[in-house]
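> Below is the file work-v4.csv, with CSV, C-alpha atoms.
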chain,number,residue,atom,x,y,z
A,1,MET,CA,0.0,0.0,0.0
A,2,GLU,CA,1.1,3.6,-0.6
A,3,GLY,CA,-0.2,6.9,0.7
A,4,LYS,CA,-1.3,7.4,4.3
A,5,GLY,CA,-4.6,7.3,6.2
A,6,THR,CA,-7.6,8.2,4.1
A,7,HIS,CA,-5.4,8.3,1.0
A,8,SER,CA,-3.9,4.9,1.3
A,9,TYR,CA,-4.2,3.2,-2.1
A,10,VAL,CA,-3.2,0.1,-4.0
A,11,PRO,CA,-0.2,0.8,-6.3
A,12,ASP,CA,-0.9,0.1,-10.0
A,13,PRO,CA,2.0,-0.3,-12.4
A,14,ARG,CA,-0.2,1.0,-15.3
A,15,ASN,CA,0.1,4.5,-13.9
A,16,ALA,CA,3.7,4.6,-15.2
A,17,ASP,CA,2.3,4.9,-18.7
A,18,ILE,CA,-0.7,7.0,-18.3
A,19,VAL,CA,-1.8,9.6,-20.9
A,20,ILE,CA,-2.3,13.1,-19.5
A,21,CYS,CA,-4.4,15.9,-21.0
A,22,VAL,CA,-2.8,19.4,-21.1
A,23,ASN,CA,-5.1,22.1,-22.7
A,24,GLY,CA,-7.0,19.5,-24.7
A,25,GLU,CA,-4.0,17.7,-26.1
A,26,HIS,CA,-2.8,14.3,-24.9
A,27,PHE,CA,0.8,13.5,-23.8
A,28,ALA,CA,2.6,10.6,-22.3
A,29,ARG,CA,3.2,11.0,-18.6
A,30,ASP,CA,6.9,11.8,-19.1
A,31,GLU,CA,6.1,14.4,-21.8
A,32,ALA,CA,3.2,16.2,-20.1
A,33,LYS,CA,4.5,19.6,-19.0
A,34,VAL,CA,3.5,23.2,-18.2
A,35,SER,CA,5.6,26.4,-18.5
A,36,VAL,CA,7.7,27.5,-15.6
A,37,PHE,CA,5.8,30.8,-16.1
A,38,ASP,CA,2.5,29.1,-15.5
A,39,SER,CA,0.4,30.8,-12.8
A,40,GLY,CA,-0.1,27.5,-10.9
A,41,PHE,CA,3.6,26.6,-10.8
A,42,MET,CA,4.7,30.1,-10.0
A,43,LEU,CA,2.1,31.3,-7.5
A,44,GLY,CA,-0.4,28.6,-6.8
A,45,ASP,CA,-3.0,30.7,-8.7
A,46,GLY,CA,-5.8,28.4,-9.7
A,47,VAL,CA,-8.6,26.0,-8.6
A,48,TRP,CA,-8.9,22.2,-8.9
A,49,GLU,CA,-11.2,19.2,-8.4
A,50,GLY,CA,-10.6,15.6,-7.5
A,51,LEU,CA,-13.0,13.2,-9.3
A,52,ARG,CA,-13.9,9.6,-8.8
A,53,LEU,CA,-15.0,7.2,-11.5
A,54,HIS,CA,-17.9,4.9,-10.6
A,55,GLU,CA,-19.3,2.4,-13.1
A,56,GLY,CA,-17.7,4.3,-15.9
A,57,ARG,CA,-19.2,7.7,-14.9
A,58,PHE,CA,-17.8,10.5,-12.8
A,59,ALA,CA,-19.6,10.6,-9.5
A,60,PHE,CA,-21.3,13.9,-8.5
A,61,LEU,CA,-19.9,15.6,-11.6
A,62,ASP,CA,-22.5,18.4,-11.5
A,63,GLN,CA,-21.5,19.3,-7.9
A,64,HIS,CA,-17.8,19.3,-8.7
A,65,PHE,CA,-18.3,21.5,-11.8
A,66,ASP,CA,-20.5,23.9,-9.8
A,67,ARG,CA,-17.7,24.3,-7.2
A,68,LEU,CA,-15.0,24.6,-9.9
A,69,TRP,CA,-16.9,27.4,-11.7
A,70,ARG,CA,-17.8,29.2,-8.4
A,71,GLY,CA,-14.1,29.1,-7.4
A,72,ALA,CA,-12.9,30.4,-10.8
A,73,LYS,CA,-15.5,33.2,-10.7
A,74,ALA,CA,-14.5,34.1,-7.1
A,75,ILE,CA,-10.9,34.6,-8.2
A,76,HIS,CA,-11.9,36.4,-11.4
A,77,MET,CA,-10.5,33.6,-13.6
A,78,ASP,CA,-12.0,32.7,-17.0
A,79,LEU,CA,-11.7,29.0,-17.5
A,80,GLY,CA,-12.1,29.5,-21.3
A,81,VAL,CA,-14.3,26.4,-21.8
A,82,THR,CA,-17.9,25.4,-21.3
A,83,ARG,CA,-19.0,22.7,-19.0
A,84,GLU,CA,-19.8,20.5,-21.9
A,85,GLU,CA,-16.3,21.0,-23.5
A,86,LEU,CA,-14.6,20.2,-20.2
A,87,GLU,CA,-16.7,17.1,-19.6
A,88,ALA,CA,-15.8,15.9,-23.1
A,89,ARG,CA,-12.1,16.4,-22.3
A,90,LEU,CA,-12.5,14.4,-19.1
A,91,TYR,CA,-14.0,11.4,-20.9
A,92,ALA,CA,-11.6,11.7,-23.9
A,93,VAL,CA,-8.6,11.2,-21.6
A,94,LEU,CA,-10.3,8.3,-20.0
A,95,ASP,CA,-10.8,6.7,-23.4
A,96,ALA,CA,-7.2,7.4,-24.3
A,97,ASN,CA,-6.1,5.4,-21.3
A,98,GLY,CA,-8.7,2.7,-21.7
A,99,MET,CA,-10.2,3.5,-18.3
A,100,THR,CA,-13.7,2.2,-17.6
A,101,GLY,CA,-15.6,1.0,-14.7
A,102,ASP,CA,-14.3,1.8,-11.2
A,103,GLY,CA,-10.9,2.3,-9.6
A,104,VAL,CA,-10.0,5.5,-11.3
A,105,HIS,CA,-9.3,8.8,-9.6
A,106,LEU,CA,-8.7,12.0,-11.6
A,107,ARG,CA,-7.2,15.3,-10.7
A,108,LEU,CA,-8.5,18.3,-12.7
A,109,MET,CA,-6.3,21.4,-12.3
A,110,CYS,CA,-7.1,24.8,-13.7
A,111,THR,CA,-4.7,27.7,-13.4
A,112,ARG,CA,-4.9,31.3,-14.6
A,113,GLY,CA,-2.4,30.7,-17.4
A,114,VAL,CA,1.1,31.7,-18.4
A,115,ARG,CA,2.6,34.9,-17.2
A,116,SER,CA,5.0,37.1,-19.1
A,117,THR,CA,7.1,37.6,-16.0
A,118,PRO,CA,7.4,36.3,-12.4
A,119,TYR,CA,4.8,38.7,-10.9
A,120,GLN,CA,1.5,38.2,-9.0
A,121,ASP,CA,-0.6,40.7,-10.9
A,122,PRO,CA,-3.0,38.8,-13.2
A,123,ARG,CA,-2.7,41.5,-15.8
A,124,VAL,CA,0.7,40.0,-16.8
A,125,VAL,CA,-1.1,36.8,-17.9
A,126,ILE,CA,-0.6,36.3,-21.6
A,127,SER,CA,-2.4,33.0,-22.3
A,128,PRO,CA,-5.8,31.4,-21.7
A,129,ALA,CA,-6.2,29.3,-18.6
A,130,THR,CA,-4.1,26.2,-18.3
A,131,ILE,CA,-6.2,23.0,-17.8
A,132,VAL,CA,-4.5,19.8,-16.9
A,133,ILE,CA,-6.3,16.5,-16.4
A,134,VAL,CA,-4.3,13.7,-14.6
A,135,PRO,CA,-6.2,10.3,-14.5
A,136,GLU,CA,-4.8,7.4,-12.5
A,137,TRP,CA,-5.8,3.9,-11.7
A,138,LYS,CA,-6.1,4.5,-8.0
A,139,GLU,CA,-8.3,2.5,-5.7
A,140,ALA,CA,-8.6,3.1,-1.9
A,141,ALA,CA,-6.8,0.4,0.1
A,142,PRO,CA,-9.4,-2.3,1.0
A,143,GLU,CA,-9.0,-1.7,4.8
A,144,THR,CA,-9.8,2.0,4.5
A,145,ALA,CA,-13.5,1.4,5.3
A,146,THR,CA,-12.6,-0.3,8.6
A,147,ARG,CA,-9.1,0.8,9.7
A,148,MET,CA,-9.3,3.2,12.5
A,149,LEU,CA,-7.6,6.5,11.7
A,150,ASP,CA,-5.4,8.4,14.2
A,151,LEU,CA,-5.8,12.2,14.2
A,152,PHE,CA,-3.7,14.8,15.8
A,153,THR,CA,-4.8,18.4,16.5
A,154,VAL,CA,-2.3,20.8,15.1
A,155,HIS,CA,-1.5,24.4,15.9
A,156,VAL,CA,-2.1,25.4,12.2
A,157,ARG,CA,-5.5,27.0,12.0
A,158,ARG,CA,-8.0,27.4,9.2
A,159,GLY,CA,-8.0,31.1,8.6
A,160,TYR,CA,-10.5,33.9,8.2
A,161,PRO,CA,-12.1,34.2,4.7
A,162,ASP,CA,-10.8,37.7,4.4
A,163,VAL,CA,-7.2,36.4,4.6
A,164,GLN,CA,-7.5,33.3,2.3
A,165,ASP,CA,-10.9,31.9,2.1
A,166,PRO,CA,-10.8,28.2,3.1
A,167,MET,CA,-14.0,27.7,1.0
A,168,LEU,CA,-11.8,28.0,-2.1
A,169,ASN,CA,-10.4,24.7,-3.5
A,170,SER,CA,-7.3,26.6,-4.4
A,171,HIS,CA,-3.9,25.5,-5.7
A,172,SER,CA,-2.4,27.4,-2.7
A,173,LYS,CA,-2.5,24.5,-0.2
A,174,LEU,CA,0.4,25.4,2.0
A,175,ASN,CA,-1.9,25.9,5.0
A,176,CYS,CA,-3.1,22.3,4.7
A,177,ILE,CA,0.4,21.0,3.9
A,178,THR,CA,2.0,22.5,7.0
A,179,ALA,CA,-0.8,21.0,9.1
A,180,CYS,CA,-0.2,17.6,7.4
A,181,ILE,CA,3.5,17.9,8.2
A,182,GLN,CA,2.9,18.5,11.9
A,183,ALA,CA,0.4,15.6,12.1
A,184,ALA,CA,2.9,13.3,10.3
A,185,GLN,CA,5.7,14.3,12.7
A,186,ALA,CA,3.3,13.3,15.5
A,187,GLY,CA,2.8,9.9,14.0
A,188,ALA,CA,-0.9,10.6,13.0
A,189,ASP,CA,-2.7,9.8,9.8
A,190,GLU,CA,-4.2,13.2,9.4
A,191,ALA,CA,-4.3,16.6,11.0
A,192,LEU,CA,-7.4,17.9,12.8
A,193,MET,CA,-7.6,21.7,12.4
A,194,LEU,CA,-9.3,24.3,14.5
A,195,ASP,CA,-10.8,27.5,13.4
A,196,PRO,CA,-9.6,30.9,14.6
A,197,HIS,CA,-12.0,30.7,17.6
A,198,GLY,CA,-10.7,27.3,18.8
A,199,PHE,CA,-13.7,25.3,17.4
A,200,VAL,CA,-13.2,22.2,15.3
A,201,ALA,CA,-13.0,23.1,11.6
A,202,THR,CA,-11.8,20.2,9.4
A,203,CYS,CA,-9.0,17.9,8.7
A,204,ASN,CA,-6.1,18.8,6.4
A,205,SER,CA,-7.5,16.9,3.4
A,206,THR,CA,-10.9,15.5,4.5
A,207,HIS,CA,-13.9,16.7,6.5
A,208,PHE,CA,-14.5,15.7,10.1
A,209,PHE,CA,-17.6,14.5,11.9
A,210,ILE,CA,-18.5,13.1,15.3
A,211,ALA,CA,-21.4,10.9,16.3
A,212,LYS,CA,-22.9,11.6,19.7
A,213,ASP,CA,-26.1,10.2,21.2
A,214,GLY,CA,-27.5,9.0,17.9
A,215,GLU,CA,-26.8,12.3,16.1
A,216,ILE,CA,-23.9,13.5,14.0
A,217,TRP,CA,-22.1,16.8,14.3
A,218,THR,CA,-19.8,18.5,11.9
A,219,SER,CA,-18.4,22.1,11.8
A,220,SER,CA,-20.5,25.1,10.9
A,221,GLY,CA,-18.7,25.1,7.5
A,222,ASP,CA,-17.5,28.7,7.9
A,223,TYR,CA,-13.8,27.7,7.9
A,224,CYS,CA,-13.7,24.7,5.6
A,225,LEU,CA,-14.0,23.7,1.9
A,226,ASP,CA,-17.5,23.2,0.6
A,227,GLY,CA,-17.0,19.5,0.5
A,228,ILE,CA,-19.0,17.4,-2.0
A,229,THR,CA,-18.8,14.2,0.1
A,230,ARG,CA,-19.4,16.2,3.3
A,231,GLY,CA,-22.6,17.6,1.8
A,232,THR,CA,-23.7,14.2,0.4
A,233,VAL,CA,-23.3,12.5,3.8
A,234,ILE,CA,-25.3,15.3,5.5
A,235,SER,CA,-28.0,14.9,2.9
A,236,VAL,CA,-28.3,11.1,3.1
A,237,ALA,CA,-28.2,11.1,6.9
A,238,ARG,CA,-31.1,13.6,7.1
A,239,GLU,CA,-33.1,11.6,4.6
A,240,ALA,CA,-32.6,8.5,6.8
A,241,GLY,CA,-33.9,10.4,9.8
A,242,ILE,CA,-30.5,11.0,11.5
A,243,THR,CA,-30.2,14.4,13.1
A,244,VAL,CA,-27.3,16.4,11.7
A,245,HIS,CA,-25.9,19.5,13.4
A,246,GLU,CA,-23.7,21.9,11.5
A,247,ARG,CA,-22.4,23.8,14.5
A,248,ASN,CA,-19.5,25.0,16.5
A,249,PHE,CA,-18.0,22.4,18.9
A,250,SER,CA,-14.8,22.0,20.7
A,251,LEU,CA,-12.2,19.3,21.3
A,252,THR,CA,-14.0,18.5,24.6
A,253,HIS,CA,-17.0,17.3,22.5
A,254,VAL,CA,-14.6,15.3,20.2
A,255,TYR,CA,-12.9,13.5,23.1
A,256,GLY,CA,-16.3,12.5,24.5
A,257,ALA,CA,-17.8,11.4,21.2
A,258,ASP,CA,-19.2,7.9,20.6
A,259,GLU,CA,-17.7,7.7,17.2
A,260,ALA,CA,-15.8,9.9,14.7
A,261,PHE,CA,-15.2,9.8,11.0
A,262,THR,CA,-13.8,11.6,8.0
A,263,THR,CA,-15.3,12.2,4.5
A,264,GLY,CA,-13.7,12.8,1.2
A,265,THR,CA,-14.0,12.0,-2.5
A,266,PHE,CA,-11.3,9.3,-2.6
A,267,ALA,CA,-12.1,7.2,0.5
A,268,GLY,CA,-15.7,8.2,1.1
A,269,VAL,CA,-16.5,7.7,4.8
A,270,ALA,CA,-13.6,6.5,7.0
A,271,PRO,CA,-13.7,5.8,10.7
A,272,VAL,CA,-11.5,7.5,13.3
A,273,GLY,CA,-10.1,5.6,16.2
A,274,THR,CA,-8.1,8.2,18.2
A,275,VAL,CA,-7.8,11.9,18.4
A,276,ASP,CA,-4.8,13.3,20.3
A,277,GLY,CA,-4.3,9.9,22.0
A,278,ARG,CA,-7.9,9.7,23.2
A,279,VAL,CA,-9.4,6.4,22.1
A,280,LEU,CA,-12.9,6.9,20.6
A,281,GLY,CA,-13.2,3.4,19.3
A,282,THR,CA,-11.1,0.3,18.4
A,283,GLU,CA,-13.4,-0.8,15.6
A,284,ARG,CA,-15.8,0.7,13.1
A,285,GLY,CA,-19.0,1.8,14.9
A,286,PRO,CA,-22.6,1.3,13.9
A,287,MET,CA,-23.2,4.9,12.8
A,288,VAL,CA,-20.1,4.9,10.5
A,289,GLU,CA,-21.1,1.6,9.0
A,290,ARG,CA,-24.6,2.8,8.4
A,291,LEU,CA,-23.4,6.1,6.8
A,292,GLN,CA,-21.0,4.2,4.6
A,293,GLN,CA,-23.9,2.2,3.2
A,294,LEU,CA,-26.1,5.2,2.7
A,295,TYR,CA,-23.3,7.0,0.9
A,296,LEU,CA,-22.5,4.1,-1.4
A,297,ALA,CA,-26.2,3.9,-2.3
A,298,ARG,CA,-26.3,7.6,-3.2
A,299,LEU,CA,-23.1,7.2,-5.2
A,300,ALA,CA,-24.6,4.4,-7.2
A,301,GLY,CA,-27.8,6.4,-7.7
A,302,ASP,CA,-25.9,9.5,-8.9
A,303,VAL,CA,-24.2,7.7,-11.8
A,304,GLN,CA,-27.3,5.6,-12.9
A,305,GLY,CA,-28.7,6.9,-16.1
A,306,ARG,CA,-26.0,9.6,-16.3
A,307,GLY,CA,-25.0,10.0,-20.0
A,308,ARG,CA,-21.6,10.8,-21.3
A,309,PRO,CA,-20.5,12.9,-24.3
Hey, can you dump this file as structure tokens for me?

Amino acid sequence: MEGKGTHSYVPDPRNADIVICVNGEHFARDEAKVSVFDSGFMLGDGVWEGLRLHEGRFAFLDQHFDRLWRGAKAIHMDLGVTREELEARLYAVLDANGMTGDGVHLRLMCTRGVRSTPYQDPRVVISPATIVIVPEWKEAAPETATRMLDLFTVHVRRGYPDVQDPMLNSHSKLNCITACIQAAQAGADEALMLDPHGFVATCNSTHFFIAKDGEIWTSSGDYCLDGITRGTVISVAREAGITVHERNFSLTHVYGADEAFTTGTFAGVAPVGTVDGRVLGTERGPMVERLQQLYLARLAGDVQGRGRP
């Protein structure tokens, strides 16, 4: 297995020879390149999405596209393509790799384009947006659904939206990377991050929930990404009659929780065993197992009948 925690995956030798899409053209992995003057490489100026293939279709594609276009609009970036054109590129690169069915994870990266000089002002951009699509055969490790994650609360906070809005799925991920580094140094799978007021916000690459007295709690959402899987889990839980609170709560609530779990596009719903050394559970609990099944049912329903270009 490679990766760590919620991103542990089964290595696949086919990834050495994948075809990558750069601005609509296909290149072998070793030949796919962007300019050193590209806004993403130079400044982390762009937005991105991680997509999962299920039964040959991209799961929750409409929601991912909505978030991508909202993010691009928020940073005043013209993607330069329509939703239909971008969807066609996504499936074209799948076809070029012979990717069908399940077990494929795709990274869609959109930057502001090439700059004429190393400078942050967008007015020096001299090209259309750069759009790179990297598809990989990448399946979550089989034990991800049941292996209990270890989380560590880091000093790195999720910041105020008027500094760098955590709602944006930005290429500028240094805030999360520094949190990940601290958690890794502490021997944990992932970092638990607080908001500026000391309430629980999110993990460095996933969202965080607790289960308490038959209810589930997650953060207010004010200091975290507008997560697709997070929103899906909230929706299916409420439809199943489970009370969901999007609210402020502290580490005291976390340490006393009955269960805890993370959500994300790659691993779905994954159980948490410890937070800062406090043992919440030694095996997957009934709430997590139920939510996993509800999520998988919604995932299957989303791709049923979905066409492709």
> Using only C-alpha atoms, which protein or nucleic acid residues come within 9 Å of Tyr255 (chain A)? Drop anything in the same chain fewer than 3 positions from it, and give the result as number ranges by chain.
A: 251-252, 258, 274-276, 278-280
> CA of Gly256 (chain A) and CA of Phe152 (chain A), how far apart in Å?
15.5 Å
> Using all atoms listed in the file, find each residue in region 166-254 of chain A having at least one atom no more than 12 Å away from region 62-72 of chain A; report its shortest atom-to-atom pair and that distance in Å (one decimal), rows by chain then rising number, as a Markdown table.

| residue | atom | partner | partner_atom | distance |
| --- | --- | --- | --- | --- |
| A:Pro166 | CA | A:Gly71 | CA | 11.0 |
| A:Met167 | CA | A:Gly71 | CA | 8.5 |
| A:Leu168 | CA | A:Gly71 | CA | 5.9 |
| A:Asn169 | CA | A:Gly71 | CA | 6.9 |
| A:Ser170 | CA | A:Gly71 | CA | 7.8 |
| A:His171 | CA | A:Gly71 | CA | 10.9 |
| A:Leu225 | CA | A:Arg67 | CA | 9.8 |
| A:Asp226 | CA | A:Arg67 | CA | 7.9 |
| A:Gly227 | CA | A:Arg67 | CA | 9.1 |
| A:Ile228 | CA | A:Gln63 | CA | 6.7 |
| A:Thr229 | CA | A:Gln63 | CA | 9.9 |
| A:Arg230 | CA | A:Gln63 | CA | 11.8 |
| A:Gly231 | CA | A:Gln63 | CA | 9.9 |
| A:Thr232 | CA | A:Gln63 | CA | 10.0 |
> Please list as a PyMOL selection string every residue within 10 Å of region 267-269 of chain A, counting only C-alpha atoms and excluding residues in the same chain fewer than 5 positions away.
chain A and resi 5-9+52+139-142+144-146+206-209+229-230+233+261-262+288-289+291-293+295-296+299
> Quick check, in Å to one decimal: how far apart do CA of Arg284 (chain A) and CA of His105 (chain A) lie?
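The value is 25.0 Å.
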> Name all residues at most 9 Å from Glu215 (chain A) (count only C-alpha atoms; drop same-chain ones fewer than 3 positions away) and give them as number ranges by chain.
A: 210-212, 242-245, 287
> Within 10 Å of Glu283 (chain A), counting all atoms listed in the file, which residues show up once you throw out same-chain ones fewer than 5 positions away? Write them as a PyMOL selection string, please.
chain A and resi 146-148+259+271-273
> Around region 165-168 of chain A, fit a box with edges along x, y and z, padding it by 4 Å on each side, then list its centre and edge lengths in Å to one decimal as AutoDock Vina command-line options.

--center_x -12.4 --center_y 29.8 --center_z 0.5 --size_x 11.2 --size_y 12.2 --size_z 13.2
> Could you pull the residues within 8 Å of Gln120 (chain A), counting all atoms listed in the file, minus those fewer than 2 positions along the same chain, as a list in words?
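After dropping sequence-adjacent residues, the list is Leu43, Pro118 and Pro122 of chain A.
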> Could you check the closest approach to Ile216 (chain A) for each of A:Gly307, A:Gly241, A:Gly40, A:Gly24 and tell me which residue wins, using all atoms listed in the file?
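Looking only at the distances to Ile216 (chain A), the closest residue turns out to be A:Gly241.
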> Ranking A:Arg123, A:Lys173, A:Lys33, A:Arg158 by minimum distance to Leu192 (chain A) and counting all atoms listed in the file, which one comes first?
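For Leu192 (chain A), the nearest of the given residues is A:Arg158.
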> Rounded to one decimal in Å, what is the spacing between CA of Glu136 (chain A) and CA of Val104 (chain A)?
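Straight-line distance from CA of Glu136 (chain A) to CA of Val104 (chain A) works out to 5.7 Å.
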> In terms of the shortest atom-to-atom distance over only C-alpha atoms, which of A:Thr218, A:Thr265, A:Ser235, A:Asn175 is closest to Arg247 (chain A)?
A:Thr218
> Pick out the closest residue to Val19 (chain A) from this set: A:Met77, A:Leu106, A:Met42, A:Leu149. Count all atoms listed in the file.
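The shortest atom-to-atom distance to Val19 (chain A) comes from A:Leu106.
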> Taking only C-alpha atoms into account, which of A:Gly56, A:Pro309, A:Gly103, A:Gly46 comes nearest Lys138 (chain A)?
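Closest candidate: A:Gly103.
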> Which residue is closest to Ile133 (chain A)? Choose from A:Asp17, A:Glu190, A:Glu87, A:Asp162 and count all atoms listed in the file.
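Of the candidates, the smallest distance to Ile133 (chain A) is held by A:Glu87.
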